[in-house]
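Chemist: Just so it is clear, I am handing over coords.cif, which has mmCIF, C-alpha atoms.
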```cif
data_my_file
loop_
_atom_site.group_PDB
_atom_site.id
_atom_site.type_symbol
_atom_site.label_atom_id
_atom_site.label_comp_id
_atom_site.auth_asym_id
_atom_site.auth_seq_id
_atom_site.Cartn_x
_atom_site.Cartn_y
_atom_site.Cartn_z
ATOM 1 C CA MET A 1 0.000 0.000 0.000
ATOM 2 C CA ALA A 2 1.229 3.435 -0.842
ATOM 3 C CA ARG A 3 1.336 6.195 1.693
ATOM 4 C CA VAL A 4 0.093 9.660 0.837
ATOM 5 C CA VAL A 5 0.978 12.474 3.212
ATOM 6 C CA VAL A 6 -1.174 15.550 3.599
ATOM 7 C CA ASP A 7 0.499 18.390 5.489
ATOM 8 C CA VAL A 8 -1.766 21.129 6.780
ATOM 9 C CA MET A 9 -0.407 24.468 7.985
ATOM 10 C CA LEU A 10 -2.088 27.659 9.136
ATOM 11 C CA LYS A 11 -1.764 30.320 6.456
ATOM 12 C CA PRO A 12 1.216 32.614 7.065
ATOM 13 C CA GLU A 13 -0.973 35.589 7.981
ATOM 14 C CA ILE A 14 -2.913 33.670 10.667
ATOM 15 C CA LEU A 15 -1.685 34.089 14.251
ATOM 16 C CA ASP A 16 -0.424 30.745 15.613
ATOM 17 C CA PRO A 17 -0.343 30.998 19.420
ATOM 18 C CA GLN A 18 0.525 27.293 19.760
ATOM 19 C CA GLY A 19 3.644 27.734 17.654
ATOM 20 C CA GLN A 20 4.508 30.878 19.598
ATOM 21 C CA ALA A 21 4.162 29.067 22.923
ATOM 22 C CA VAL A 22 6.554 26.379 21.704
ATOM 23 C CA GLN A 23 8.995 28.983 20.405
ATOM 24 C CA ARG A 24 8.977 30.871 23.727
ATOM 25 C CA ALA A 25 9.825 27.671 25.618
ATOM 26 C CA LEU A 26 12.934 26.959 23.548
ATOM 27 C CA PRO A 27 15.445 29.257 25.330
ATOM 28 C CA ARG A 28 14.449 27.723 28.667
ATOM 29 C CA LEU A 29 15.416 24.349 27.223
ATOM 30 C CA GLY A 30 18.721 25.667 25.970
ATOM 31 C CA PHE A 31 17.774 25.883 22.293
ATOM 32 C CA GLU A 32 18.919 29.251 20.987
ATOM 33 C CA GLY A 33 18.552 30.829 17.605
ATOM 34 C CA ILE A 34 15.075 29.576 16.659
ATOM 35 C CA ALA A 35 13.402 32.732 15.403
ATOM 36 C CA ASP A 36 9.910 31.355 14.817
ATOM 37 C CA VAL A 37 7.860 28.175 15.203
ATOM 38 C CA ARG A 38 4.605 27.346 13.505
ATOM 39 C CA GLN A 39 2.657 24.211 14.335
ATOM 40 C CA GLY A 40 0.776 22.206 11.731
ATOM 41 C CA LYS A 41 -0.822 18.818 11.197
ATOM 42 C CA ARG A 42 0.347 15.828 9.213
ATOM 43 C CA PHE A 43 -2.056 13.173 7.955
ATOM 44 C CA GLU A 44 -0.684 9.859 6.673
ATOM 45 C CA LEU A 45 -3.125 8.063 4.415
ATOM 46 C CA GLN A 46 -2.540 4.402 3.582
ATOM 47 C CA VAL A 47 -4.074 4.042 0.154
ATOM 48 C CA GLU A 48 -5.371 0.778 -1.267
ATOM 49 C CA GLY A 49 -4.699 0.251 -4.952
ATOM 50 C CA PRO A 50 -2.584 2.383 -7.263
ATOM 51 C CA VAL A 51 -1.972 6.031 -6.464
ATOM 52 C CA ASP A 52 -2.651 7.254 -9.980
ATOM 53 C CA ASN A 53 -3.778 10.698 -11.029
ATOM 54 C CA ALA A 54 -7.413 9.879 -10.325
ATOM 55 C CA ALA A 55 -6.630 8.671 -6.797
ATOM 56 C CA LEU A 56 -4.482 11.736 -6.150
ATOM 57 C CA ALA A 57 -7.248 14.009 -7.393
ATOM 58 C CA ARG A 58 -9.651 12.417 -4.919
ATOM 59 C CA ILE A 59 -7.169 12.807 -2.078
ATOM 60 C CA HIS A 60 -6.671 16.431 -3.069
ATOM 61 C CA GLU A 61 -10.434 16.905 -2.857
ATOM 62 C CA LEU A 62 -10.501 15.150 0.508
ATOM 63 C CA ALA A 63 -7.776 17.453 1.808
ATOM 64 C CA GLU A 64 -9.475 20.553 0.465
ATOM 65 C CA THR A 65 -12.951 19.784 1.789
ATOM 66 C CA PHE A 66 -12.158 18.030 5.056
ATOM 67 C CA LEU A 67 -8.580 17.725 6.296
ATOM 68 C CA ALA A 68 -7.842 21.428 5.807
ATOM 69 C CA ASN A 69 -10.081 24.427 6.290
ATOM 70 C CA THR A 70 -8.889 26.561 3.399
ATOM 71 C CA VAL A 71 -10.236 29.717 5.027
ATOM 72 C CA ILE A 72 -7.343 29.508 7.498
ATOM 73 C CA GLU A 73 -5.070 26.689 6.312
ATOM 74 C CA ASP A 74 -2.896 25.687 3.361
ATOM 75 C CA PHE A 75 -2.142 22.081 2.536
ATOM 76 C CA THR A 76 0.214 19.968 0.446
ATOM 77 C CA VAL A 77 -0.283 16.423 -0.823
ATOM 78 C CA LYS A 78 2.665 14.166 -1.543
ATOM 79 C CA VAL A 79 3.108 10.486 -2.294
ATOM 80 C CA GLU A 80 5.730 8.717 -0.240
ATOM 81 C CA ASN A 81 7.592 5.985 -2.031
ATOM 82 C CA ALA A 82 6.579 2.650 -0.510
ATOM 83 C CA GLU A 83 10.264 1.573 -0.375
ATOM 84 C CA GLU A 84 11.383 4.735 1.405
ATOM 85 C CA SER A 85 8.643 4.595 3.978
ATOM 86 C CA LYS A 86 9.753 1.201 5.322
ATOM 87 C CA MET B 87 -49.690 27.823 16.639
ATOM 88 C CA THR B 88 -46.798 26.642 18.773
ATOM 89 C CA ALA B 89 -43.407 26.994 17.140
ATOM 90 C CA ARG B 90 -41.410 23.748 16.978
ATOM 91 C CA ILE B 91 -37.720 24.354 17.532
ATOM 92 C CA GLY B 92 -35.234 21.522 17.073
ATOM 93 C CA VAL B 93 -31.959 21.108 18.931
ATOM 94 C CA VAL B 94 -29.377 18.785 17.398
ATOM 95 C CA THR B 95 -27.432 16.351 19.566
ATOM 96 C CA PHE B 96 -24.092 15.201 18.145
ATOM 97 C CA PRO B 97 -21.763 12.890 20.066
ATOM 98 C CA GLY B 98 -19.981 15.379 22.331
ATOM 99 C CA THR B 99 -22.733 17.987 22.411
ATOM 100 C CA LEU B 100 -23.026 19.321 25.971
ATOM 101 C CA ASP B 101 -25.603 22.087 25.963
ATOM 102 C CA ASP B 102 -28.500 20.470 24.125
ATOM 103 C CA GLN B 103 -30.571 20.039 27.301
ATOM 104 C CA ASP B 104 -30.094 23.690 28.246
ATOM 105 C CA ALA B 105 -31.056 24.765 24.741
ATOM 106 C CA LEU B 106 -34.179 22.558 24.800
ATOM 107 C CA ARG B 107 -35.060 24.005 28.193
ATOM 108 C CA ALA B 108 -34.547 27.570 26.950
ATOM 109 C CA VAL B 109 -36.914 26.851 24.063
ATOM 110 C CA ARG B 110 -39.540 25.580 26.509
ATOM 111 C CA VAL B 111 -39.045 28.469 28.957
ATOM 112 C CA ALA B 112 -39.558 30.901 26.072
ATOM 113 C CA GLY B 113 -42.825 29.191 25.142
ATOM 114 C CA ALA B 114 -42.058 27.038 22.108
ATOM 115 C CA GLU B 115 -42.115 23.274 21.682
ATOM 116 C CA PRO B 116 -38.609 21.795 21.969
ATOM 117 C CA VAL B 117 -37.781 18.910 19.616
ATOM 118 C CA SER B 118 -34.684 16.732 20.038
ATOM 119 C CA LEU B 119 -32.880 16.011 16.766
ATOM 120 C CA TRP B 120 -30.264 13.278 16.337
ATOM 121 C CA HIS B 121 -27.122 13.769 14.280
ATOM 122 C CA ARG B 122 -27.526 10.528 12.316
ATOM 123 C CA ASP B 123 -31.084 11.334 11.267
ATOM 124 C CA LYS B 124 -31.552 13.399 8.123
ATOM 125 C CA ASP B 125 -35.151 14.126 9.070
ATOM 126 C CA LEU B 126 -35.818 17.427 10.852
ATOM 127 C CA HIS B 127 -39.247 16.223 12.086
ATOM 128 C CA GLN B 128 -41.186 19.267 10.861
ATOM 129 C CA VAL B 129 -39.374 21.779 13.049
ATOM 130 C CA ASP B 130 -39.647 25.458 12.160
ATOM 131 C CA ALA B 131 -36.105 26.324 13.271
ATOM 132 C CA VAL B 132 -32.935 24.551 14.387
ATOM 133 C CA ILE B 133 -30.426 25.240 17.142
ATOM 134 C CA LEU B 134 -26.924 23.780 17.000
ATOM 135 C CA ALA B 135 -25.915 23.724 20.649
ATOM 136 C CA GLY B 136 -22.548 24.029 22.347
ATOM 137 C CA GLY B 137 -20.123 21.285 23.253
ATOM 138 C CA PHE B 138 -17.367 19.376 21.475
ATOM 139 C CA SER B 139 -19.116 17.534 18.676
ATOM 140 C CA TYR B 140 -17.214 14.439 17.527
ATOM 141 C CA GLY B 141 -14.593 15.525 20.060
ATOM 142 C CA ASP B 142 -13.533 18.400 17.786
ATOM 143 C CA TYR B 143 -10.711 16.016 16.902
ATOM 144 C CA LEU B 144 -9.964 17.436 13.463
ATOM 145 C CA ARG B 145 -11.014 21.066 13.988
ATOM 146 C CA ALA B 146 -13.888 22.414 16.051
ATOM 147 C CA GLY B 147 -17.090 21.532 14.188
ATOM 148 C CA ALA B 148 -15.315 20.044 11.165
ATOM 149 C CA ILE B 149 -16.518 16.456 11.463
ATOM 150 C CA SER B 150 -20.110 17.281 12.471
ATOM 151 C CA ARG B 151 -20.480 19.387 9.379
ATOM 152 C CA PHE B 152 -20.587 16.141 7.373
ATOM 153 C CA SER B 153 -23.163 14.388 9.582
ATOM 154 C CA PRO B 154 -26.476 13.299 7.983
ATOM 155 C CA VAL B 155 -28.555 15.854 9.898
ATOM 156 C CA MET B 156 -26.342 18.672 8.622
ATOM 157 C CA GLU B 157 -27.088 17.764 5.008
ATOM 158 C CA THR B 158 -30.701 18.709 5.670
ATOM 159 C CA VAL B 159 -29.879 21.650 7.934
ATOM 160 C CA ILE B 160 -27.585 23.160 5.280
ATOM 161 C CA GLU B 161 -30.202 22.678 2.569
ATOM 162 C CA GLN B 162 -33.013 24.149 4.695
ATOM 163 C CA ALA B 163 -30.888 27.023 6.009
ATOM 164 C CA ARG B 164 -30.104 28.030 2.430
ATOM 165 C CA ALA B 165 -33.858 27.918 1.756
ATOM 166 C CA GLY B 166 -34.489 30.321 4.638
ATOM 167 C CA MET B 167 -35.077 28.188 7.721
ATOM 168 C CA PRO B 168 -33.814 29.949 10.870
ATOM 169 C CA VAL B 169 -30.695 28.335 12.348
ATOM 170 C CA LEU B 170 -28.881 29.431 15.500
ATOM 171 C CA GLY B 171 -25.384 28.104 16.202
ATOM 172 C CA ILE B 172 -24.120 28.611 19.739
ATOM 173 C CA CYS B 173 -20.403 28.099 20.454
ATOM 174 C CA ASN B 174 -19.665 24.685 18.881
ATOM 175 C CA GLY B 175 -22.763 25.310 16.766
ATOM 176 C CA PHE B 176 -21.192 28.545 15.483
ATOM 177 C CA GLN B 177 -18.026 26.597 14.659
ATOM 178 C CA ILE B 178 -20.125 24.041 12.754
ATOM 179 C CA LEU B 179 -21.860 26.844 10.797
ATOM 180 C CA THR B 180 -18.518 28.275 9.654
ATOM 181 C CA GLU B 181 -17.223 24.817 8.736
ATOM 182 C CA ALA B 182 -20.440 24.272 6.755
ATOM 183 C CA HIS B 183 -19.888 27.629 5.005
ATOM 184 C CA LEU B 184 -23.323 28.820 6.098
ATOM 185 C CA LEU B 185 -21.408 31.655 7.782
ATOM 186 C CA PRO B 186 -18.103 33.096 6.530
ATOM 187 C CA GLY B 187 -14.768 32.928 8.332
ATOM 188 C CA ALA B 188 -13.347 30.317 10.692
ATOM 189 C CA MET B 189 -12.801 29.706 14.367
ATOM 190 C CA LEU B 190 -9.335 29.272 15.857
ATOM 191 C CA ARG B 191 -7.821 28.357 19.232
ATOM 192 C CA ASN B 192 -8.092 31.239 21.726
ATOM 193 C CA ASN B 193 -5.076 33.524 21.384
ATOM 194 C CA HIS B 194 -4.027 32.863 25.001
ATOM 195 C CA LEU B 195 -4.501 29.073 24.566
ATOM 196 C CA HIS B 196 -6.620 28.756 27.716
ATOM 197 C CA PHE B 197 -10.147 27.466 28.060
ATOM 198 C CA ILE B 198 -12.168 30.429 29.264
ATOM 199 C CA CYS B 199 -15.352 30.439 31.343
ATOM 200 C CA ARG B 200 -16.925 33.643 32.609
ATOM 201 C CA ASP B 201 -19.864 36.004 32.314
ATOM 202 C CA GLN B 202 -19.441 38.109 29.206
ATOM 203 C CA THR B 203 -20.947 41.429 28.240
ATOM 204 C CA LEU B 204 -22.002 41.661 24.597
ATOM 205 C CA ARG B 205 -23.338 44.508 22.518
ATOM 206 C CA VAL B 206 -26.192 43.618 20.198
ATOM 207 C CA GLU B 207 -25.137 45.201 16.897
ATOM 208 C CA ASN B 208 -27.880 43.806 14.696
ATOM 209 C CA ALA B 209 -31.391 43.490 16.151
ATOM 210 C CA GLU B 210 -32.990 42.609 12.835
ATOM 211 C CA THR B 211 -32.054 38.949 12.489
ATOM 212 C CA ALA B 212 -34.513 36.117 13.069
ATOM 213 C CA TRP B 213 -32.892 35.502 16.457
ATOM 214 C CA THR B 214 -32.322 39.058 17.747
ATOM 215 C CA SER B 215 -35.475 41.092 17.048
ATOM 216 C CA ASP B 216 -36.453 41.184 20.741
ATOM 217 C CA TYR B 217 -33.273 43.119 21.475
ATOM 218 C CA SER B 218 -32.512 46.656 20.402
ATOM 219 C CA ALA B 219 -29.425 47.699 18.464
ATOM 220 C CA GLY B 220 -26.737 48.890 20.858
ATOM 221 C CA GLN B 221 -28.227 47.048 23.832
ATOM 222 C CA GLU B 222 -25.706 45.398 26.149
ATOM 223 C CA ILE B 223 -26.457 41.948 27.539
ATOM 224 C CA SER B 224 -24.553 39.597 29.839
ATOM 225 C CA VAL B 225 -24.440 35.859 29.144
ATOM 226 C CA PRO B 226 -21.956 33.092 30.003
ATOM 227 C CA LEU B 227 -18.981 32.431 27.729
ATOM 228 C CA LYS B 228 -17.029 29.169 27.774
ATOM 229 C CA ASN B 229 -14.782 28.039 24.977
ATOM 230 C CA MET B 230 -11.389 26.895 23.798
ATOM 231 C CA ASP B 231 -11.674 27.767 20.113
ATOM 232 C CA GLY B 232 -13.446 31.108 20.072
ATOM 233 C CA ARG B 233 -11.098 33.308 18.034
ATOM 234 C CA TYR B 234 -13.181 34.428 15.066
ATOM 235 C CA THR B 235 -11.077 34.972 11.978
ATOM 236 C CA ALA B 236 -11.763 36.019 8.418
ATOM 237 C CA ASP B 237 -9.772 37.868 5.789
ATOM 238 C CA GLU B 238 -9.906 41.663 5.699
ATOM 239 C CA HIS B 239 -12.215 41.722 2.703
ATOM 240 C CA THR B 240 -14.747 39.459 4.439
ATOM 241 C CA LEU B 241 -14.527 41.476 7.670
ATOM 242 C CA ASP B 242 -15.110 44.728 5.781
ATOM 243 C CA GLU B 243 -18.063 43.163 3.999
ATOM 244 C CA LEU B 244 -19.581 41.927 7.280
ATOM 245 C CA GLU B 245 -19.213 45.409 8.796
ATOM 246 C CA ALA B 246 -20.611 47.189 5.749
ATOM 247 C CA GLU B 247 -23.655 44.938 5.577
ATOM 248 C CA GLY B 248 -24.351 45.084 9.326
ATOM 249 C CA ARG B 249 -23.702 41.376 9.644
ATOM 250 C CA VAL B 250 -21.615 41.644 12.798
ATOM 251 C CA ALA B 251 -24.490 40.726 15.087
ATOM 252 C CA PHE B 252 -22.651 40.796 18.445
ATOM 253 C CA ARG B 253 -19.431 42.302 19.703
ATOM 254 C CA TYR B 254 -17.527 41.696 22.934
ATOM 255 C CA VAL B 255 -17.651 44.648 25.307
ATOM 256 C CA GLY B 256 -14.629 45.220 27.548
ATOM 257 C CA ARG B 257 -11.801 42.688 27.334
ATOM 258 C CA ASN B 258 -11.754 40.604 24.176
ATOM 259 C CA PRO B 259 -11.832 37.062 25.619
ATOM 260 C CA ASN B 260 -10.162 35.143 22.801
ATOM 261 C CA GLY B 261 -8.516 37.411 20.247
ATOM 262 C CA SER B 262 -11.499 37.483 17.887
ATOM 263 C CA LEU B 263 -10.853 39.897 15.064
ATOM 264 C CA ARG B 264 -12.663 43.227 15.490
ATOM 265 C CA ASP B 265 -14.100 41.925 18.806
ATOM 266 C CA ILE B 266 -16.636 39.839 16.877
ATOM 267 C CA ALA B 267 -18.723 37.558 19.103
ATOM 268 C CA GLY B 268 -21.410 36.652 16.578
ATOM 269 C CA ILE B 269 -22.391 37.143 12.952
ATOM 270 C CA THR B 270 -25.350 36.561 10.665
ATOM 271 C CA ASN B 271 -25.720 35.532 7.055
ATOM 272 C CA ALA B 272 -27.000 38.059 4.511
ATOM 273 C CA ALA B 273 -30.611 36.880 4.843
ATOM 274 C CA GLY B 274 -30.564 37.131 8.650
ATOM 275 C CA ASN B 275 -31.926 33.623 9.215
ATOM 276 C CA VAL B 276 -28.591 32.035 10.171
ATOM 277 C CA VAL B 277 -26.885 33.416 13.275
ATOM 278 C CA GLY B 278 -23.795 32.151 15.074
ATOM 279 C CA LEU B 279 -22.294 33.350 18.331
ATOM 280 C CA MET B 280 -19.703 32.077 20.781
ATOM 281 C CA PRO B 281 -21.289 32.978 24.165
ATOM 282 C CA HIS B 282 -24.257 31.028 25.534
ATOM 283 C CA PRO B 283 -27.670 32.709 25.776
ATOM 284 C CA GLU B 284 -29.288 29.356 26.638
ATOM 285 C CA HIS B 285 -27.494 29.461 30.004
ATOM 286 C CA ALA B 286 -29.114 32.795 30.903
ATOM 287 C CA VAL B 287 -32.857 32.320 30.598
ATOM 288 C CA GLU B 288 -33.765 31.818 34.256
ATOM 289 C CA PRO B 289 -32.655 33.939 37.241
ATOM 290 C CA LEU B 290 -31.602 30.901 39.263
ATOM 291 C CA ILE B 291 -28.719 29.877 37.006
ATOM 292 C CA GLY B 292 -25.889 31.306 34.956
ATOM 293 C CA THR B 293 -25.423 35.039 35.287
ATOM 294 C CA GLY B 294 -28.502 35.321 37.499
ATOM 295 C CA ARG B 295 -30.016 37.361 34.700
ATOM 296 C CA THR B 296 -32.288 36.362 31.861
ATOM 297 C CA ASP B 297 -30.509 38.323 29.136
ATOM 298 C CA GLY B 298 -30.323 35.283 26.876
ATOM 299 C CA LEU B 299 -34.056 34.760 26.675
ATOM 300 C CA GLY B 300 -34.410 37.305 23.858
ATOM 301 C CA PHE B 301 -32.913 34.880 21.322
ATOM 302 C CA PHE B 302 -35.692 32.395 21.940
ATOM 303 C CA THR B 303 -38.545 34.879 22.213
ATOM 304 C CA SER B 304 -37.307 36.579 19.019
ATOM 305 C CA ILE B 305 -37.521 33.403 16.996
ATOM 306 C CA ILE B 306 -40.922 32.478 18.417
ATOM 307 C CA LYS B 307 -42.352 35.868 17.391
ATOM 308 C CA LYS B 308 -40.793 35.502 13.974
ATOM 309 C CA LEU B 309 -42.258 32.028 13.475
ATOM 310 C CA VAL B 310 -45.693 32.828 14.865
ATOM 311 C CA ASN B 311 -45.981 35.972 12.757
ATOM 312 C CA ALA B 312 -44.664 34.243 9.636
#
```
Starting from the file, give its structure as structure tokens.
Modeler:
Amino acid sequence: MARVVVDVMLKPEILDPQGQAVQRALPRLGFEGIADVRQGKRFELQVEGPVDNAALARIHELAETFLANTVIEDFTVKVENAEESK
Amino acid sequence: MTARIGVVTFPGTLDDQDALRAVRVAGAEPVSLWHRDKDLHQVDAVILAGGFSYGDYLRAGAISRFSPVMETVIEQARAGMPVLGICNGFQILTEAHLLPGAMLRNNHLHFICRDQTLRVENAETAWTSDYSAGQEISVPLKNMDGRYTADEHTLDELEAEGRVAFRYVGRNPNGSLRDIAGITNAAGNVVGLMPHPEHAVEPLIGTGRTDGLGFFTSIIKKLVNA
């Protein structure tokens, strides 16, 4: 089965207080030099059958209508090579 | 005629009983609706109550938006049926694109629970006609994802068309843009707001005031006079 990864991130102009909270904690942990952190979501879809253009188009639609809210979020869809993902 | 007002229960809905009670206190017939049932059982209006439907696991309101009952609610709302979304219900209405914008995690990342003063900006919607424009009311507020967000163009459009129905007075509790607490669609039949009028309909509970009752008496007058 192939794995398709959908990454969802808040749009750049949307305030991300979760990312900011993580970023503010970094100096306390001894991590210096991280200027900004933004927190997103990663969905890993195990897809039955071939990941052809039609399957990818459906996953794109799934991401656009459900996994991401495109009012506030951007998303990317990428196919992970089955060999690499082992 | 007695108005029949439905309240939807999703898995994770918390405030359905309070909403049903508010409907009864105001003088209408409350009707329980189930999320897996497409049928609205001849109700004249629908309330989407507060809570954490489907656990809000993806985004607040995102999964419920695709429930069977919402197929019918979306269709009927577009045809003019009055729909009120309170808190999680407001989040569901934005996810369903019945109202513009989106709801994000509070800017301070804390769950907040307190009495909240609101200014009624639009007293001409199906759910606000018993208030007067500019009136200030106090109702409970409790949420985690209450930061209303939309792009500048949408915000300007909402302001220009008088579709900002409620604004926070005093401290903005969650970072909502332009202090927006509630909005309406262009037709005025769909209203969403974060604070909870259904918790302020009897003096014994909530704020000790009955400032929330106007939502329910407004819709009854609208339906009875229709």
Chemist: Residues of chain A within 12 Å of chain B, using all atoms listed in the file, as JSON, numbers by chain?
Modeler: {"A": [8, 10, 11, 13, 14, 15, 16, 17, 18, 19, 20, 21, 22, 40, 41, 42, 43, 63, 65, 66, 67, 68, 69, 70, 71, 72, 73]}
Chemist: Select, from A:Asp7, A:Asp36, A:Glu44, A:Glu61, the residue with the minimum atom-to-atom distance to A:Asp74, counting only C-alpha atoms.
Modeler: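 Checking each candidate against A:Asp74, we get A:Asp7 as the closest.
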Chemist: Selected by the PyMOL selection byres ((chain B and resi 289-294) around 7) in the shown coordinates: which residues, as a list in words?
Modeler: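 The output of the PyMOL selection byres ((chain B and resi 289-294) around 7) on this file is Asp201, Val225, Pro226, His285, Ala286, Val287, Glu288, Arg295 and Thr296 of chain B.
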Chemist: Compile the contact shell of B:Glu161 as a short mmCIF file (atom, residue, chain, number, x, y, z; two decimals) with C-alpha atoms, in the frame of the given file: residues with an atom at most 12 Å away, counting only C-alpha atoms, same-chain residues fewer than 5 positions apart removed.
Modeler:
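Saved result, part-v4.cif, follows:
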```cif
data_model
loop_
_atom_site.label_atom_id
_atom_site.label_comp_id
_atom_site.auth_asym_id
_atom_site.auth_seq_id
_atom_site.Cartn_x
_atom_site.Cartn_y
_atom_site.Cartn_z
CA LYS B 124 -31.55 13.40 8.12
CA ASP B 125 -35.15 14.13 9.07
CA LEU B 126 -35.82 17.43 10.85
CA PRO B 154 -26.48 13.30 7.98
CA VAL B 155 -28.56 15.85 9.90
CA MET B 156 -26.34 18.67 8.62
CA GLY B 166 -34.49 30.32 4.64
CA MET B 167 -35.08 28.19 7.72
CA PRO B 168 -33.81 29.95 10.87
CA VAL B 169 -30.70 28.34 12.35
CA ALA B 182 -20.44 24.27 6.76
CA HIS B 183 -19.89 27.63 5.00
CA LEU B 184 -23.32 28.82 6.10
#
```
Chemist: Just to confirm, what's the straight-line distance from atom CA of B:Arg233 to atom CA of B:Phe302 in Å (one decimal)?
Modeler: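 Atom-to-atom, atom CA of B:Arg233 and atom CA of B:Phe302 are spaced 24.9 Å apart.
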Chemist: Please write the residues picked by the PyMOL selection byres ((chain B and resi 276) around 10) on this file as a PyMOL selection string.
Modeler: chain B and resi 131-133+163-164+166-171+176+179+184-185+211-213+269-275+277-278
Chemist: Residues picked by the PyMOL selection byres ((chain B and resi 200) around 8) here, as a PDB file with C-alpha atoms, in the frame of the given file?
Modeler:
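Output (result.pdb):
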```
ATOM      1  CA  ILE B 198     -12.168  30.429  29.264  1.00  0.00           C
ATOM      2  CA  CYS B 199     -15.352  30.439  31.343  1.00  0.00           C
ATOM      3  CA  ASP B 201     -19.864  36.004  32.314  1.00  0.00           C
ATOM      4  CA  GLN B 202     -19.441  38.109  29.206  1.00  0.00           C
ATOM      5  CA  PRO B 226     -21.956  33.092  30.003  1.00  0.00           C
ATOM      6  CA  LEU B 227     -18.981  32.431  27.729  1.00  0.00           C
ATOM      7  CA  LYS B 228     -17.029  29.169  27.774  1.00  0.00           C
TER       8      LYS B 228
END
```
Chemist: Can you tell me which residues surround B:Thr203 at a distance of at most 6 Å, considering only C-alpha atoms, apart from same-chain residues fewer than 6 positions away, and format the answer as a PDB file with C-alpha atoms, keeping the file's coordinate frame?
Modeler:
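And here's part_24.pdb as it stands now:
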```pdb
ATOM      1  CA  ILE B 223     -26.457  41.948  27.539  1.00  0.00           C
ATOM      2  CA  SER B 224     -24.553  39.597  29.839  1.00  0.00           C
ATOM      3  CA  VAL B 255     -17.651  44.648  25.307  1.00  0.00           C
TER       4      VAL B 255
END
```
Chemist: Could you check how far atom CA of B:Thr214 sits from atom CA of B:Arg107, in Å to one decimal?
Modeler: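 Distance between the two atoms: 18.5 Å.
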Chemist: Write stretch 21-32 of chain A as a short mmCIF file (atom, residue, chain, number, x, y, z; two decimals), in the coordinates of the input, completed to N, CA, C and O atoms.
Modeler:
```cif
data_model
loop_
_atom_site.label_atom_id
_atom_site.label_comp_id
_atom_site.auth_asym_id
_atom_site.auth_seq_id
_atom_site.Cartn_x
_atom_site.Cartn_y
_atom_site.Cartn_z
N ALA A 21 3.92 29.60 21.58
CA ALA A 21 4.16 29.07 22.92
C ALA A 21 5.35 28.11 22.90
O ALA A 21 6.18 28.10 23.81
N VAL A 22 5.43 27.31 21.84
CA VAL A 22 6.55 26.38 21.70
C VAL A 22 7.86 27.16 21.53
O VAL A 22 8.87 26.89 22.19
N GLN A 23 7.79 28.19 20.68
CA GLN A 23 8.99 28.98 20.40
C GLN A 23 9.51 29.66 21.68
O GLN A 23 10.71 29.69 21.95
N ARG A 24 8.57 30.16 22.51
CA ARG A 24 8.98 30.87 23.73
C ARG A 24 9.61 29.93 24.75
O ARG A 24 10.36 30.35 25.61
N ALA A 25 9.27 28.63 24.66
CA ALA A 25 9.82 27.67 25.62
C ALA A 25 11.25 27.26 25.26
O ALA A 25 11.98 26.74 26.10
N LEU A 26 11.65 27.50 24.02
CA LEU A 26 12.93 26.96 23.55
C LEU A 26 14.14 27.47 24.32
O LEU A 26 15.00 26.67 24.72
N PRO A 27 14.26 28.79 24.59
CA PRO A 27 15.44 29.26 25.33
C PRO A 27 15.56 28.61 26.71
O PRO A 27 16.67 28.30 27.15
N ARG A 28 14.42 28.37 27.36
CA ARG A 28 14.45 27.72 28.67
C ARG A 28 15.06 26.33 28.58
O ARG A 28 15.61 25.81 29.53
N LEU A 29 14.90 25.70 27.41
CA LEU A 29 15.42 24.35 27.22
C LEU A 29 16.83 24.36 26.65
O LEU A 29 17.40 23.31 26.36
N GLY A 30 17.36 25.57 26.47
CA GLY A 30 18.72 25.67 25.97
C GLY A 30 18.84 25.67 24.46
O GLY A 30 19.94 25.58 23.92
N PHE A 31 17.71 25.79 23.76
CA PHE A 31 17.77 25.88 22.29
C PHE A 31 17.73 27.36 21.89
O PHE A 31 16.72 28.03 22.08
N GLU A 32 18.84 27.84 21.38
CA GLU A 32 18.92 29.25 20.99
C GLU A 32 18.81 29.35 19.47
O GLU A 32 19.06 28.38 18.74
#
```
